[in-house]
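K.L.:
So here's start-v9.tsv (TSV, C-alpha atoms).
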chain	number	residue	atom	x	y	z
U	30	MET	CA	41.69	9.26	3.98
U	31	ALA	CA	38.76	10.23	1.77
U	32	SER	CA	35.56	10.99	3.57
U	33	GLN	CA	32.94	8.31	3.22
U	34	VAL	CA	29.70	9.52	1.65
U	35	ARG	CA	26.67	8.05	3.33
U	36	ASP	CA	24.04	6.67	1.02
U	37	LEU	CA	21.00	7.62	3.06
U	38	ILE	CA	17.49	6.82	1.94
U	39	SER	CA	14.57	9.23	2.01
U	40	GLU	CA	12.30	9.02	5.03
U	41	GLU	CA	9.25	8.24	2.88
U	42	CYS	CA	11.02	5.31	1.24
U	43	ARG	CA	12.35	4.08	4.58
U	44	VAL	CA	8.84	3.95	6.03
U	45	ALA	CA	7.50	2.23	2.90
U	46	ILE	CA	10.28	-0.39	2.94
U	47	ASN	CA	9.49	-1.14	6.58
U	48	GLN	CA	5.82	-1.51	5.62
U	49	VAL	CA	6.68	-3.89	2.76
U	50	ALA	CA	8.98	-5.99	4.96
U	51	SER	CA	6.37	-6.18	7.69
U	52	TYR	CA	3.67	-7.21	5.22
U	53	GLU	CA	5.98	-9.83	3.67
U	54	LEU	CA	6.32	-11.32	7.18
U	55	HIS	CA	2.54	-11.17	7.61
U	56	VAL	CA	2.02	-13.04	4.33
U	57	SER	CA	4.67	-15.55	5.39
U	58	ASP	CA	2.78	-16.17	8.64
U	59	ALA	CA	-0.49	-16.63	6.74
U	60	TYR	CA	1.15	-19.11	4.36
U	61	LEU	CA	2.68	-21.02	7.27
U	62	SER	CA	-0.75	-21.22	8.89
U	63	MET	CA	-2.19	-22.51	5.60
U	64	ALA	CA	0.61	-25.07	5.32
U	65	CYS	CA	-0.14	-26.37	8.81
U	66	TYR	CA	-3.84	-26.58	8.00
U	67	TYR	CA	-3.32	-28.53	4.76
U	68	ASN	CA	-1.21	-31.35	6.13
U	69	GLU	CA	-1.56	-35.04	5.36
U	70	ASP	CA	-4.62	-35.31	7.63
U	71	THR	CA	-6.68	-33.02	5.39
U	72	GLY	CA	-5.83	-34.99	2.29
U	73	ALA	CA	-4.23	-31.96	0.65
U	74	PRO	CA	-0.45	-32.34	1.16
U	75	LEU	CA	0.26	-30.56	-2.15
U	76	PHE	CA	-1.34	-27.41	-0.74
U	77	ALA	CA	0.72	-27.82	2.44
U	78	SER	CA	3.95	-28.08	0.48
U	79	PHE	CA	3.11	-25.11	-1.76
U	80	PHE	CA	2.15	-22.85	1.14
U	81	GLU	CA	5.18	-23.90	3.18
U	82	ASP	CA	7.47	-23.01	0.27
U	83	GLN	CA	5.71	-19.67	-0.15
U	84	ALA	CA	6.10	-18.91	3.57
U	85	GLU	CA	9.87	-19.38	3.27
U	86	VAL	CA	10.06	-17.23	0.12
U	87	LYS	CA	8.12	-14.37	1.72
U	88	ARG	CA	10.23	-14.48	4.89
U	89	GLU	CA	13.39	-14.35	2.76
U	90	HIS	CA	12.02	-11.37	0.82
U	91	ALA	CA	11.36	-9.54	4.09
U	92	LYS	CA	14.94	-10.18	5.19
U	93	GLN	CA	16.27	-8.89	1.87
U	94	PHE	CA	14.28	-5.65	2.20
U	95	LEU	CA	15.59	-5.20	5.75
U	96	ARG	CA	19.18	-5.86	4.63
U	97	TYR	CA	18.73	-3.29	1.88
U	98	LEU	CA	17.42	-0.77	4.41
U	99	ARG	CA	20.34	-1.45	6.76
U	100	LYS	CA	22.78	-1.05	3.86
U	101	ARG	CA	21.25	2.35	3.11
U	102	GLU	CA	21.50	3.26	6.81
U	103	GLY	CA	17.76	3.43	7.23
U	104	LYS	CA	16.12	2.82	10.58
U	105	ILE	CA	14.31	-0.49	10.85
U	106	CYS	CA	10.96	-0.02	12.51
U	107	LEU	CA	8.46	-2.64	11.39
U	108	PRO	CA	4.81	-1.68	11.82
U	109	VAL	CA	2.74	-4.23	13.66
U	110	ILE	CA	0.33	-6.14	11.46
U	111	LYS	CA	-2.18	-8.39	13.17
U	112	ARG	CA	-1.37	-12.05	12.73
U	113	PRO	CA	-3.81	-14.16	10.72
U	114	ASP	CA	-6.52	-15.24	13.12
U	115	LEU	CA	-7.84	-17.99	10.91
U	116	ASP	CA	-7.15	-21.56	11.84
U	117	ASN	CA	-9.58	-23.01	9.32
U	118	TRP	CA	-8.71	-22.00	5.76
U	119	GLY	CA	-11.64	-23.90	4.28
U	120	THR	CA	-11.35	-25.52	0.90
U	121	GLY	CA	-8.27	-25.33	-1.28
U	122	ILE	CA	-10.11	-22.81	-3.44
U	123	GLN	CA	-10.81	-20.60	-0.42
U	124	ALA	CA	-7.14	-20.75	0.59
U	125	LEU	CA	-6.03	-19.84	-2.94
U	126	GLU	CA	-8.47	-16.90	-2.90
U	127	SER	CA	-7.03	-15.75	0.43
U	128	ALA	CA	-3.49	-16.12	-0.93
U	129	LEU	CA	-4.40	-14.11	-4.02
U	130	GLU	CA	-5.88	-11.37	-1.84
U	131	LEU	CA	-2.68	-11.22	0.25
U	132	GLU	CA	-0.50	-11.14	-2.87
U	133	ASN	CA	-2.57	-8.38	-4.49
U	134	LYS	CA	-2.18	-6.21	-1.39
U	135	LEU	CA	1.56	-6.90	-1.38
U	136	THR	CA	1.74	-5.90	-5.04
U	137	LYS	CA	0.00	-2.61	-4.21
U	138	LEU	CA	2.54	-1.92	-1.45
U	139	LEU	CA	5.41	-2.69	-3.84
U	140	GLN	CA	3.95	-0.44	-6.53
U	141	ASP	CA	3.52	2.36	-3.99
U	142	LEU	CA	7.15	1.91	-2.94
U	143	LYS	CA	8.25	2.01	-6.57
U	144	THR	CA	6.33	5.27	-7.06
U	145	LEU	CA	7.95	6.79	-3.96
U	146	ALA	CA	11.38	5.65	-5.13
U	147	SER	CA	10.78	7.27	-8.50
U	148	VAL	CA	9.52	10.53	-6.99
U	149	ASN	CA	12.53	10.64	-4.63
U	150	SER	CA	15.02	9.71	-7.39
U	151	GLU	CA	16.04	6.55	-5.54
U	152	THR	CA	17.57	4.80	-8.55
U	153	ASP	CA	19.31	2.15	-6.45
U	154	LEU	CA	16.01	1.26	-4.80
U	155	LEU	CA	14.27	1.11	-8.18
U	156	ARG	CA	16.89	-1.36	-9.42
U	157	PHE	CA	16.60	-3.40	-6.23
U	158	MET	CA	12.81	-3.56	-6.50
U	159	GLY	CA	12.64	-4.62	-10.13
U	160	LYS	CA	12.99	-8.31	-9.41
U	161	TYR	CA	10.36	-8.24	-6.66
U	162	LEU	CA	7.69	-6.73	-8.88
U	163	ASP	CA	8.50	-9.26	-11.60
U	164	LYS	CA	8.24	-12.11	-9.07
U	165	GLN	CA	4.94	-10.72	-7.80
U	166	LYS	CA	3.45	-10.65	-11.30
U	167	ARG	CA	4.51	-14.26	-11.89
U	168	ASN	CA	3.25	-15.36	-8.48
U	169	ILE	CA	-0.14	-13.71	-8.95
U	170	GLY	CA	-0.43	-15.22	-12.42
U	171	TYR	CA	0.35	-18.65	-10.99
U	172	LEU	CA	-2.21	-18.27	-8.19
U	173	GLU	CA	-4.87	-17.12	-10.67
U	174	GLN	CA	-4.09	-20.10	-12.90
U	175	GLN	CA	-4.29	-22.52	-9.96
U	176	LEU	CA	-7.54	-20.95	-8.79
U	177	GLN	CA	-9.12	-21.37	-12.24
U	178	TYR	CA	-7.86	-24.94	-12.46
U	179	HIS	CA	-9.25	-25.94	-9.06
U	180	LYS	CA	-12.58	-24.23	-9.73
U	181	LYS	CA	-12.80	-26.16	-13.01
U	182	LEU	CA	-12.04	-29.42	-11.19
U	183	GLU	CA	-14.66	-28.64	-8.56
U	184	LYS	CA	-17.26	-27.85	-11.22
U	185	GLN	CA	-16.50	-31.09	-13.04
U	186	ALA	CA	-16.83	-33.04	-9.80
U	187	GLN	CA	-20.18	-31.40	-9.07
U	188	GLU	CA	-21.42	-32.18	-12.58
U	189	GLU	CA	-20.37	-35.81	-12.18
U	190	ASP	CA	-22.25	-35.98	-8.87
U	191	VAL	CA	-25.39	-34.62	-10.54
U	192	PHE	CA	-25.21	-37.29	-13.23
U	193	LYS	CA	-24.51	-40.07	-10.71
U	194	LYS	CA	-27.41	-39.28	-8.36
U	195	PRO	CA	-30.26	-39.95	-10.83
U	196	ALA	CA	-28.55	-43.14	-11.95
U	197	ALA	CA	-28.31	-44.31	-8.36
U	198	LYS	CA	-32.04	-43.61	-7.82
U	199	SER	CA	-33.11	-45.53	-10.91
U	200	ASP	CA	-31.01	-48.53	-9.84
U	201	LYS	CA	-32.85	-48.65	-6.51
U	202	GLU	CA	-36.28	-48.39	-8.14
U	203	THR	CA	-35.80	-51.52	-10.26
Written as structure tokens, that's how I'd like the structure from this file.

P.N.:
Amino acid sequence: MASQVRDLISEECRVAINQVASYELHVSDAYLSMACYYNEDTGAPLFASFFEDQAEVKREHAKQFLRYLRKREGKICLPVIKRPDLDNWGTGIQALESALELENKLTKLLQDLKTLASVNSETDLLRFMGKYLDKQKRNIGYLEQQLQYHKKLEKQAQEEDVFKKPAAKSDKET
């Protein structure tokens, strides 16, 4: 029987994959917290649905990174990342800003992992990671677009309020 060649992963990449998986779980927890905050009672069920979907996606990504690590016979040792301690995410705009901040940090971790994979000639890891970086770019673009849209809506609402207030005063004076 031919000897089986083990496809081990470099220690640096193993540690970085654990970091990415752990942070994906952290982001998932934050999104789940946001989803619970923006339920029907807050009048923002669309935010709740979006954040709940994102929580599931991030958890699935973490599992995929851990499966990849197991396949490459790497030790799974997730670093502890403090859970989100916010229970009030504020306005939808504030939540989108928080989400964008989380996603930007995740992108940085993924880019660092890609650099390590390149330096360590981990071609299989580079192939595996390609789709995640593409998804991250699309996700960040979407969040930025949503943030701009909601800021524009808020500005329009404020401008309408400014125009309505003087009209209300003049009605009372007559």

K.L.:
Could you tell me how far atom CA of U:Leu115 sits from atom CA of U:Phe80, in Å to one decimal place?

P.N.:
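If I compute the distance from atom CA of U:Phe80 to atom CA of U:Leu115, I get 14.8 Å.
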
K.L.:
Using only C-alpha atoms, which residues sit within 8 Å of U:Ala77 once same-chain residues fewer than 4 positions away are excluded, as an MDAnalysis selection string?

P.N.:
chainID U and resid 63:68 73 81

K.L.:
Please report as a tab-separated table every residue of stretch 82-189 of chain U lying within 10 Å of stretch 39-62 of chain U, along with the nearest atom pair and their distance in Å (one decimal), using all atoms listed in the file.

P.N.:
residue	atom	partner	partner_atom	distance
U:Asp82	CA	U:Tyr60	CA	8.5
U:Gln83	CA	U:Tyr60	CA	6.4
U:Ala84	CA	U:Ser57	CA	4.1
U:Glu85	CA	U:Ser57	CA	6.8
U:Val86	CA	U:Ser57	CA	7.7
U:Lys87	CA	U:Ser57	CA	5.2
U:Arg88	CA	U:Leu54	CA	5.5
U:Glu89	CA	U:Glu53	CA	8.7
U:His90	CA	U:Glu53	CA	6.9
U:Ala91	CA	U:Ala50	CA	4.4
U:Lys92	CA	U:Ala50	CA	7.3
U:Gln93	CA	U:Ala50	CA	8.4
U:Phe94	CA	U:Ala50	CA	6.0
U:Leu95	CA	U:Ala50	CA	6.7
U:Tyr97	CA	U:Ile46	CA	9.0
U:Leu98	CA	U:Arg43	CA	7.0
U:Arg99	CA	U:Arg43	CA	10.0
U:Arg101	CA	U:Arg43	CA	9.2
U:Glu102	CA	U:Arg43	CA	9.5
U:Gly103	CA	U:Arg43	CA	6.1
U:Lys104	CA	U:Arg43	CA	7.2
U:Ile105	CA	U:Asn47	CA	6.5
U:Cys106	CA	U:Asn47	CA	6.2
U:Leu107	CA	U:Asn47	CA	5.1
U:Pro108	CA	U:Gln48	CA	6.3
U:Val109	CA	U:Ser51	CA	7.3
U:Ile110	CA	U:His55	CA	6.7
U:Lys111	CA	U:His55	CA	7.8
U:Arg112	CA	U:His55	CA	6.5
U:Pro113	CA	U:Ala59	CA	5.7
U:Asp114	CA	U:Ala59	CA	8.9
U:Leu115	CA	U:Ser62	CA	8.0
U:Asp116	CA	U:Ser62	CA	7.1
U:Asn117	CA	U:Ser62	CA	9.0
U:Trp118	CA	U:Ser62	CA	8.6
U:Ala124	CA	U:Tyr60	CA	9.3
U:Ser127	CA	U:Ala59	CA	9.1
U:Ala128	CA	U:Tyr60	CA	7.6
U:Leu131	CA	U:Val56	CA	6.5
U:Glu132	CA	U:Val56	CA	7.9
U:Lys134	CA	U:Tyr52	CA	8.9
U:Leu135	CA	U:Tyr52	CA	6.9
U:Thr136	CA	U:Val49	CA	9.4
U:Lys137	CA	U:Val49	CA	9.7
U:Leu138	CA	U:Val49	CA	6.2
U:Leu139	CA	U:Val49	CA	6.8
U:Asp141	CA	U:Ala45	CA	8.0
U:Leu142	CA	U:Ala45	CA	5.9
U:Lys143	CA	U:Cys42	CA	8.9
U:Thr144	CA	U:Cys42	CA	9.5
U:Leu145	CA	U:Cys42	CA	6.2
U:Ala146	CA	U:Cys42	CA	6.4
U:Ser147	CA	U:Cys42	CA	9.9
U:Val148	CA	U:Cys42	CA	9.9
U:Asn149	CA	U:Ser39	CA	7.1
U:Ser150	CA	U:Ser39	CA	9.4
U:Glu151	CA	U:Ser39	CA	8.1
U:Leu154	CA	U:Cys42	CA	8.8

K.L.:
Grab the atom CA of U:Asn133 to atom CA of U:Phe79 distance for me, in Å with one decimal place.

P.N.:
17.9 Å

K.L.:
In Å, rounded to a single decimal, give me how far atom CA of U:Lys164 is from atom CA of U:Glu183.

P.N.:
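Result for atom CA of U:Glu183 versus atom CA of U:Lys164: 28.2 Å, one decimal.
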
K.L.:
Specify the axis-aligned box that encloses all atoms of stretch 106-112 of chain U listed in the file after padding of 8 Å on each side, stating its centre and edge lengths in Å to one decimal as AutoDock Vina command-line options.

P.N.:
--center_x 4.4 --center_y -6.0 --center_z 12.5 --size_x 29.1 --size_y 28.0 --size_z 18.3

K.L.:
Using only C-alpha atoms, pick whichever of U:Ile122, U:Leu155, U:Leu129, U:Ile169 has the shortest atom-to-atom distance to U:Lys181.

P.N.:
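Ranked by minimum distance to U:Lys181, first place goes to U:Ile122.
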
K.L.:
Hey, which of U:Glu173, U:Glu188, U:Arg156, U:Leu75 ends up closest to U:Leu125? Count only C-alpha atoms.

P.N.:
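Smallest distance to U:Leu125 is found for U:Glu173.
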
K.L.:
If I only have part of stretch 74-92 of chain U, can you fill in N, CA and C atoms and write it as a short mmCIF file (atom, residue, chain, number, x, y, z; two decimals), in the coordinates of the input?

P.N.:
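Written out: rebuild09.cif:
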data_model
loop_
_atom_site.label_atom_id
_atom_site.label_comp_id
_atom_site.auth_asym_id
_atom_site.auth_seq_id
_atom_site.Cartn_x
_atom_site.Cartn_y
_atom_site.Cartn_z
N PRO U 74 -1.86 -32.62 0.88
CA PRO U 74 -0.45 -32.34 1.16
C PRO U 74 0.22 -31.45 0.10
N LEU U 75 -0.32 -31.44 -1.13
CA LEU U 75 0.26 -30.56 -2.15
C LEU U 75 0.06 -29.09 -1.78
N PHE U 76 -1.11 -28.77 -1.21
CA PHE U 76 -1.34 -27.41 -0.74
C PHE U 76 -0.38 -27.09 0.40
N ALA U 77 -0.18 -28.04 1.31
CA ALA U 77 0.72 -27.82 2.44
C ALA U 77 2.12 -27.51 1.95
N SER U 78 2.60 -28.28 1.02
CA SER U 78 3.95 -28.08 0.48
C SER U 78 4.07 -26.73 -0.22
N PHE U 79 3.09 -26.38 -1.04
CA PHE U 79 3.11 -25.11 -1.76
C PHE U 79 3.13 -23.94 -0.78
N PHE U 80 2.23 -23.96 0.20
CA PHE U 80 2.15 -22.85 1.14
C PHE U 80 3.38 -22.77 2.04
N GLU U 81 3.95 -23.91 2.38
CA GLU U 81 5.18 -23.90 3.18
C GLU U 81 6.33 -23.26 2.39
N ASP U 82 6.45 -23.62 1.12
CA ASP U 82 7.47 -23.01 0.27
C ASP U 82 7.26 -21.50 0.16
N GLN U 83 6.02 -21.09 -0.03
CA GLN U 83 5.71 -19.67 -0.15
C GLN U 83 6.03 -18.92 1.14
N ALA U 84 5.79 -19.54 2.28
CA ALA U 84 6.10 -18.91 3.57
C ALA U 84 7.60 -18.62 3.66
N GLU U 85 8.42 -19.58 3.24
CA GLU U 85 9.87 -19.38 3.27
C GLU U 85 10.30 -18.28 2.31
N VAL U 86 9.72 -18.26 1.12
CA VAL U 86 10.06 -17.23 0.12
C VAL U 86 9.72 -15.84 0.65
N LYS U 87 8.55 -15.68 1.22
CA LYS U 87 8.12 -14.37 1.72
C LYS U 87 8.99 -13.92 2.89
N ARG U 88 9.36 -14.84 3.76
CA ARG U 88 10.23 -14.48 4.89
C ARG U 88 11.59 -14.03 4.37
N GLU U 89 12.10 -14.72 3.36
CA GLU U 89 13.39 -14.35 2.76
C GLU U 89 13.30 -12.97 2.10
N HIS U 90 12.20 -12.69 1.43
CA HIS U 90 12.02 -11.37 0.82
C HIS U 90 12.04 -10.28 1.89
N ALA U 91 11.36 -10.52 3.00
CA ALA U 91 11.36 -9.54 4.09
C ALA U 91 12.78 -9.28 4.58
N LYS U 92 13.55 -10.34 4.75
CA LYS U 92 14.94 -10.18 5.19
C LYS U 92 15.76 -9.38 4.18
#
